[in-house]
Amino acid sequence: MKLVIAVIRPEKFELVKKALEVEGVVGMTVTEVKGRGEQKGIALQFRGRAMPVDLIPKVKIEMVVEDADVDKIIGTIRANGRTGKPGDGRIFVAPVESICRVRTDLEDSADL
Amino acid sequence: MALDSGDTAFIPICTALVMLMTPGVGFFYSGLVRRKNLISMVALSFVVFSIVALQWVFFGYSPVFGPDISGIIGSFMFIGLEGVGTTGDGIPDLLFMVFQLVFAAVILAIVTSAVADRVKLSSFIVFGLLWTTLVYDPLAHRVWGGGWAAQPGIVDFAGGIVVHISVGFSALALALVIGKRVGFGQYSMDPHNIPMTLLGGALLWFGWFGFNAGSALAANGLAVNAFVVTNISAASGALAWMGASWVRGKPSSLGMISGAIAGLGAITPAAGFVGPLAAIVIGMVSGVLCYYALLFRIRKGLDESLDAWAIHGVGGFWGTLSIGIFAIASIGGVSGLIAGVGEQFLLQAFGAVTVMVFSFVGTYIIARCVDALMGLRVSEDEEYVGLDLSQHGESIQV
């Protein structure tokens, strides 16, 4: 099992969510976050002075998925979350040690 | 030429009510935009109020209400309010001046609908000054200041032609010049704060009593008629839009308040000419008509972002025509189709169409010039982070 964490543009979120749903990825945890990458945000000019906006709103999606689905999911997020300009975001993949469901005593089963 | 103490007490109150409509428009619009542009929408309404307040004193009032010159424009004898004093016919001239000032301000505030989320503040100030001087002032003179429309008998009680048709079609022209918001039609730009819009709508409904009743320019029966039909039409519009949207899905609160504004816009020109039952029909037709205008606007992919055209333009157009249908001579001295007189309807239609064309073309030219000289739009990056940060250096977000 893998934990896929995608940080993407808020305005692309609905598209990405729908595309993932088509791929059968339904379960996710979503958070509104702020962040920056290599550009350190966006540099704006305000009355001749530089006015950096150093944290930009993003949406973070977290999904726990089968190892075999990871590439497909990354492809889907890329295809639907991309504008081609800086600020499209990042995807992180991390191993998951174990999963347990709160409602039942089920643990580490493929049903999760 | 004596002053009437009742009138002189009544009109300042109406003026204050109408003043509240300008930030009311700002709050109404601010809930409809995305969160990053909330401050900018409210700020625009205050900017508009302030620039029109000074423009009106220095050179706006005179060409509108100065003695008429060949039906086109008023004389410039009142520049800087020279000779506008505390005496007058019924109410002091100075009071009449300030009552008309708050009208001129709220009108420009409504136009900001077209440029929401993407306008450069400095360019809008220039555009606004030009627009209020070159589009609104000649129109107001034409209809209210004794210009050529007043003479053949086109009537407009509180501003259906001058206010609502002109802003609706001006907003449409301005939206065409400035272009769509980045991402319009690709992803959702849903309203971020509906209670804010409802609150703005409440301020508008409240202020509209001053707008319409005050347009009688006296504390009399006509003012009361306007007051009552205004409320009836607003309520009818709210219910009609809610009903029309209920058929297609859920009855949204946004639809309800939009319907109320549609009803208010439609009754504005007619408030001094029609009775309570006609006001129900005017409001209901306006609610449904404006709802379908909004759907049409979305289907056509037009980004007249906050629907000044669909609500004020279409509602005002219908309201202006409605005088020709429902007017009863015993209320305002004008008779419409139901009283068996067809002539007024044709006059109203003529007035509505000419103003529509004038305001659309005039606004288009002004907007093109401002765009060419200084650029109406912010850069794409500035639009992306939002106007709150890029135009004001402020943010409601932590």
# chains A, B, ... in the order shown; residues from 1 in each chain; ligands from 1
call {"tool": "residues_around", "arguments": {"residues": "region 121-138 of chain B", "least_positions_apart": "5", "cutoff": "7 Å", "atoms": "only C-alpha atoms", "output": "MDAnalysis selection string"}}
result
chainID B and resid 60 63:64 73 108 359 362:363 367 370 374:376 391
call {"tool": "write_last_selection", "arguments": {"atoms": "N, CA and C atoms", "output": "PDB file, in the first residue's frame"}}
result
ATOM      1  N   GLY B  60     -20.285  67.467 -12.518  1.00  0.00           N
ATOM      2  CA  GLY B  60     -21.327  66.520 -12.922  1.00  0.00           C
ATOM      3  C   GLY B  60     -22.734  67.109 -12.848  1.00  0.00           C
ATOM      4  N   PRO B  63     -24.060  69.920 -15.972  1.00  0.00           N
ATOM      5  CA  PRO B  63     -24.568  69.490 -17.292  1.00  0.00           C
ATOM      6  C   PRO B  63     -25.834  68.648 -17.212  1.00  0.00           C
ATOM      7  N   VAL B  64     -26.127  68.079 -16.050  1.00  0.00           N
ATOM      8  CA  VAL B  64     -27.357  67.296 -15.936  1.00  0.00           C
ATOM      9  C   VAL B  64     -28.541  68.201 -15.612  1.00  0.00           C
ATOM     10  N   ILE B  73     -27.759  68.944 -23.453  1.00  0.00           N
ATOM     11  CA  ILE B  73     -26.956  69.022 -22.235  1.00  0.00           C
ATOM     12  C   ILE B  73     -27.380  70.265 -21.454  1.00  0.00           C
ATOM     13  N   LEU B 108     -22.763  53.787 -10.922  1.00  0.00           N
ATOM     14  CA  LEU B 108     -21.421  53.370 -11.336  1.00  0.00           C
ATOM     15  C   LEU B 108     -20.995  52.123 -10.559  1.00  0.00           C
ATOM     16  N   SER B 359     -25.873  53.678 -24.432  1.00  0.00           N
ATOM     17  CA  SER B 359     -24.998  53.288 -23.324  1.00  0.00           C
ATOM     18  C   SER B 359     -24.044  52.171 -23.755  1.00  0.00           C
ATOM     19  N   GLY B 362     -21.459  53.909 -26.211  1.00  0.00           N
ATOM     20  CA  GLY B 362     -20.650  54.877 -25.465  1.00  0.00           C
ATOM     21  C   GLY B 362     -19.652  54.172 -24.560  1.00  0.00           C
ATOM     22  N   THR B 363     -20.139  53.189 -23.821  1.00  0.00           N
ATOM     23  CA  THR B 363     -19.274  52.463 -22.892  1.00  0.00           C
ATOM     24  C   THR B 363     -18.192  51.697 -23.637  1.00  0.00           C
ATOM     25  N   ALA B 367     -14.336  52.279 -22.885  1.00  0.00           N
ATOM     26  CA  ALA B 367     -13.565  51.157 -22.356  1.00  0.00           C
ATOM     27  C   ALA B 367     -12.399  50.816 -23.271  1.00  0.00           C
ATOM     28  N   VAL B 370      -9.642  53.498 -22.725  1.00  0.00           N
ATOM     29  CA  VAL B 370      -8.915  53.312 -21.469  1.00  0.00           C
ATOM     30  C   VAL B 370      -8.029  52.074 -21.560  1.00  0.00           C
ATOM     31  N   MET B 374      -4.084  52.575 -20.893  1.00  0.00           N
ATOM     32  CA  MET B 374      -3.446  52.116 -19.654  1.00  0.00           C
ATOM     33  C   MET B 374      -3.742  50.662 -19.294  1.00  0.00           C
ATOM     34  N   GLY B 375      -4.567  49.987 -20.106  1.00  0.00           N
ATOM     35  CA  GLY B 375      -4.849  48.578 -19.814  1.00  0.00           C
ATOM     36  C   GLY B 375      -5.875  48.428 -18.703  1.00  0.00           C
ATOM     37  N   LEU B 376      -7.022  47.857 -19.032  1.00  0.00           N
ATOM     38  CA  LEU B 376      -8.071  47.705 -18.011  1.00  0.00           C
ATOM     39  C   LEU B 376      -7.768  46.567 -17.052  1.00  0.00           C
ATOM     40  N   GLN B 391      -4.059  44.499  -5.742  1.00  0.00           N
ATOM     41  CA  GLN B 391      -4.474  45.897  -5.889  1.00  0.00           C
ATOM     42  C   GLN B 391      -4.469  46.663  -4.567  1.00  0.00           C
TER      43      GLN B 391
END
call {"tool": "closest_atom_pairs", "arguments": {"of": "chain B", "to": "chain A", "cutoff": "10 Å", "atoms": "only C-alpha atoms", "output": "tab-separated table"}}
result
residue	atom	partner	partner_atom	distance
B:Lys36	CA	A:Pro57	CA	9.8
B:Gly183	CA	A:Glu11	CA	8.4
B:Gln186	CA	A:Glu11	CA	8.9
B:Tyr187	CA	A:Glu11	CA	6.1
B:Ser188	CA	A:Glu11	CA	7.2
B:Met189	CA	A:Glu11	CA	8.5
B:Ser379	CA	A:Leu44	CA	9.2
B:Asp381	CA	A:Ile42	CA	7.2
B:Glu382	CA	A:Leu44	CA	6.8
B:Tyr384	CA	A:Ile56	CA	9.4
B:Val385	CA	A:Ile56	CA	7.2
B:Leu389	CA	A:Val53	CA	8.0
B:Ser390	CA	A:Leu44	CA	7.0
B:Gln391	CA	A:Phe46	CA	7.5
B:His392	CA	A:Phe46	CA	8.9
B:Gly393	CA	A:Met51	CA	8.3
B:Gln397	CA	A:Pro57	CA	9.7
B:Val398	CA	A:Lys34	CA	9.9
call {"tool": "residues_around", "arguments": {"residues": "region 259-272 of chain B", "least_positions_apart": "4", "cutoff": "7 Å", "atoms": "only C-alpha atoms", "output": "PyMOL selection string"}}
result
chain B and resi 156-160+164+212+222+225-226+229-230+233-238+240-241+255+279+282-283+286-287+290+311-312+315-316+318-320+323+331-332
call {"tool": "select_by_dssp", "arguments": {"residues": "chain A", "states": "helix (DSSP H, G or I)", "output": "list of chain:residue names"}}
result
A:Pro10, A:Glu11, A:Lys12, A:Phe13, A:Glu14, A:Leu15, A:Val16, A:Lys17, A:Lys18, A:Ala19, A:Leu20, A:Glu21, A:Val22, A:Asp67, A:Ala68, A:Asp69, A:Val70, A:Asp71, A:Lys72, A:Ile73, A:Ile74, A:Gly75, A:Thr76, A:Ile77, A:Arg78, A:Ala79, A:Asn80, A:Gly81
call {"tool": "select_by_dssp", "arguments": {"residues": "chain A", "states": "strand (DSSP E or B)", "output": "PyMOL selection string"}}
result
chain A and resi 2-8+29-35+42-46+49-53+56-65+89-95+100+107
call {"tool": "residues_around", "arguments": {"residues": "Thr83 (chain A)", "least_positions_apart": "4", "cutoff": "10 Å", "atoms": "only C-alpha atoms", "output": "list in words"}}
result
Arg9, Lys12, Arg78, Ala79, Gly87 and Asp88 of chain A
call {"tool": "write_last_selection", "arguments": {"atoms": "N, CA, C and O atoms", "output": "PDB file, in the first residue's frame"}}
result
ATOM      1  N   ARG A   9      -3.214  22.848  -7.834  1.00  0.00           N
ATOM      2  CA  ARG A   9      -3.928  24.134  -7.912  1.00  0.00           C
ATOM      3  C   ARG A   9      -5.380  23.941  -7.489  1.00  0.00           C
ATOM      4  O   ARG A   9      -6.031  23.006  -7.963  1.00  0.00           O
ATOM      5  N   LYS A  12      -7.955  23.399 -10.153  1.00  0.00           N
ATOM      6  CA  LYS A  12      -7.898  22.145 -10.896  1.00  0.00           C
ATOM      7  C   LYS A  12      -8.469  20.985 -10.086  1.00  0.00           C
ATOM      8  O   LYS A  12      -8.564  19.859 -10.586  1.00  0.00           O
ATOM      9  N   ARG A  78      -1.537  14.273 -13.167  1.00  0.00           N
ATOM     10  CA  ARG A  78      -0.753  15.106 -14.091  1.00  0.00           C
ATOM     11  C   ARG A  78      -1.605  15.586 -15.261  1.00  0.00           C
ATOM     12  O   ARG A  78      -1.592  16.760 -15.620  1.00  0.00           O
ATOM     13  N   ALA A  79      -2.362  14.652 -15.839  1.00  0.00           N
ATOM     14  CA  ALA A  79      -3.122  14.995 -17.047  1.00  0.00           C
ATOM     15  C   ALA A  79      -4.181  16.051 -16.752  1.00  0.00           C
ATOM     16  O   ALA A  79      -4.474  16.904 -17.591  1.00  0.00           O
ATOM     17  N   GLY A  87       3.953  26.319 -10.519  1.00  0.00           N
ATOM     18  CA  GLY A  87       2.850  26.378  -9.559  1.00  0.00           C
ATOM     19  C   GLY A  87       1.842  25.261  -9.741  1.00  0.00           C
ATOM     20  O   GLY A  87       0.816  25.252  -9.074  1.00  0.00           O
ATOM     21  N   ASP A  88       2.145  24.308 -10.643  1.00  0.00           N
ATOM     22  CA  ASP A  88       1.198  23.208 -10.822  1.00  0.00           C
ATOM     23  C   ASP A  88       1.226  22.208  -9.666  1.00  0.00           C
ATOM     24  O   ASP A  88       0.267  21.473  -9.469  1.00  0.00           O
TER      25      ASP A  88
END
call {"tool": "residues_around", "arguments": {"residues": "region 165-178 of chain B", "least_positions_apart": "4", "cutoff": "7 Å", "atoms": "only C-alpha atoms", "output": "ChimeraX atom specification"}}
result
/B:107,110-111,113-115,160-161,303-304,308-309,312-313,316-317,355-356,359-360,363-364,367-368,376-377
call {"tool": "write_last_selection", "arguments": {"atoms": "C-alpha atoms", "output": "PDB file, in the first residue's frame"}}
result
ATOM      1  CA  ILE B 107     -25.150  53.498 -10.743  1.00  0.00           C
ATOM      2  CA  ILE B 110     -23.417  48.449 -10.358  1.00  0.00           C
ATOM      3  CA  VAL B 111     -21.169  48.591 -13.448  1.00  0.00           C
ATOM      4  CA  SER B 113     -20.126  43.687 -12.048  1.00  0.00           C
ATOM      5  CA  ALA B 114     -18.538  43.495 -15.488  1.00  0.00           C
ATOM      6  CA  VAL B 115     -14.942  43.756 -14.302  1.00  0.00           C
ATOM      7  CA  GLY B 160     -35.358  52.452 -15.065  1.00  0.00           C
ATOM      8  CA  ILE B 161     -33.999  53.936 -18.265  1.00  0.00           C
ATOM      9  CA  ASP B 303     -18.420  36.642 -18.578  1.00  0.00           C
ATOM     10  CA  GLU B 304     -20.479  39.630 -17.486  1.00  0.00           C
ATOM     11  CA  ALA B 308     -25.694  43.498 -13.949  1.00  0.00           C
ATOM     12  CA  TRP B 309     -26.905  42.942 -17.496  1.00  0.00           C
ATOM     13  CA  HIS B 312     -30.561  45.399 -14.054  1.00  0.00           C
ATOM     14  CA  GLY B 313     -30.468  45.633 -17.840  1.00  0.00           C
ATOM     15  CA  GLY B 316     -35.032  47.720 -16.184  1.00  0.00           C
ATOM     16  CA  PHE B 317     -35.969  47.212 -19.819  1.00  0.00           C
ATOM     17  CA  VAL B 355     -30.693  54.369 -24.245  1.00  0.00           C
ATOM     18  CA  MET B 356     -29.671  50.759 -24.676  1.00  0.00           C
ATOM     19  CA  SER B 359     -24.998  53.288 -23.324  1.00  0.00           C
ATOM     20  CA  PHE B 360     -23.651  50.170 -25.032  1.00  0.00           C
ATOM     21  CA  THR B 363     -19.274  52.463 -22.892  1.00  0.00           C
ATOM     22  CA  TYR B 364     -17.622  50.322 -25.537  1.00  0.00           C
ATOM     23  CA  ALA B 367     -13.565  51.157 -22.356  1.00  0.00           C
ATOM     24  CA  ARG B 368     -11.553  50.581 -25.563  1.00  0.00           C
ATOM     25  CA  LEU B 376      -8.071  47.705 -18.011  1.00  0.00           C
ATOM     26  CA  ARG B 377      -6.850  44.351 -16.792  1.00  0.00           C
TER      27      ARG B 377
END
call {"tool": "atom_distance", "arguments": {"atom1": "CA of Ser330 (chain B)", "atom2": "CA of Val224 (chain B)"}}
result
14.3 Å
call {"tool": "residues_around", "arguments": {"residues": "Phe92 (chain A)", "least_positions_apart": "3", "cutoff": "10 Å", "atoms": "only C-alpha atoms", "output": "ChimeraX atom specification"}}
result
/A:2-7,62,74
call {"tool": "write_last_selection", "arguments": {"atoms": "C-alpha atoms", "output": "short mmCIF file (atom, residue, chain, number, x, y, z; two decimals), in the first residue's frame"}}
result
data_model
loop_
_atom_site.label_atom_id
_atom_site.label_comp_id
_atom_site.auth_asym_id
_atom_site.auth_seq_id
_atom_site.Cartn_x
_atom_site.Cartn_y
_atom_site.Cartn_z
CA LYS A 2 1.16 3.52 -0.78
CA LEU A 3 0.19 6.96 0.47
CA VAL A 4 -0.10 9.39 -2.45
CA ILE A 5 0.02 13.05 -1.46
CA ALA A 6 -0.73 15.51 -4.24
CA VAL A 7 -0.49 19.29 -3.78
CA GLU A 62 -4.13 12.34 0.36
CA ILE A 74 0.02 9.99 -10.88
#
call {"tool": "closest_residue", "arguments": {"among": "B:Ser305, B:Thr8, B:Ser258, B:Gln344", "to": "Gly153 (chain B)", "atoms": "only C-alpha atoms"}}
result
B:Gln344
call {"tool": "closest_residue", "arguments": {"among": "B:Leu3, B:Ala53, B:Val143, B:Val48", "to": "Val102 (chain B)", "atoms": "only C-alpha atoms"}}
result
B:Ala53
call {"tool": "residues_around", "arguments": {"residues": "Gly333 (chain B)", "least_positions_apart": "5", "cutoff": "10 Å", "atoms": "only C-alpha atoms", "output": "PyMOL selection string"}}
result
chain B and resi 272-273+327-328
call {"tool": "write_last_selection", "arguments": {"atoms": "N, CA, C and O atoms", "output": "PDB file, in the first residue's frame"}}
result
ATOM      1  N   GLY B 272     -43.975  55.402  -9.746  1.00  0.00           N
ATOM      2  CA  GLY B 272     -44.883  56.542  -9.591  1.00  0.00           C
ATOM      3  C   GLY B 272     -46.035  56.531 -10.580  1.00  0.00           C
ATOM      4  O   GLY B 272     -46.745  57.528 -10.722  1.00  0.00           O
ATOM      5  N   PHE B 273     -46.213  55.391 -11.281  1.00  0.00           N
ATOM      6  CA  PHE B 273     -47.245  55.359 -12.322  1.00  0.00           C
ATOM      7  C   PHE B 273     -48.201  54.178 -12.221  1.00  0.00           C
ATOM      8  O   PHE B 273     -49.210  54.146 -12.899  1.00  0.00           O
ATOM      9  N   ALA B 327     -49.701  51.676 -16.558  1.00  0.00           N
ATOM     10  CA  ALA B 327     -49.846  53.005 -15.957  1.00  0.00           C
ATOM     11  C   ALA B 327     -51.318  53.427 -15.884  1.00  0.00           C
ATOM     12  O   ALA B 327     -52.112  53.155 -16.782  1.00  0.00           O
ATOM     13  N   ILE B 328     -51.658  54.042 -14.770  1.00  0.00           N
ATOM     14  CA  ILE B 328     -53.014  54.549 -14.574  1.00  0.00           C
ATOM     15  C   ILE B 328     -52.908  56.055 -14.316  1.00  0.00           C
ATOM     16  O   ILE B 328     -52.115  56.495 -13.464  1.00  0.00           O
TER      17      ILE B 328
END
call {"tool": "atom_distance", "arguments": {"atom1": "CA of Arg248 (chain B)", "atom2": "CA of His192 (chain B)"}}
result
22.2 Å
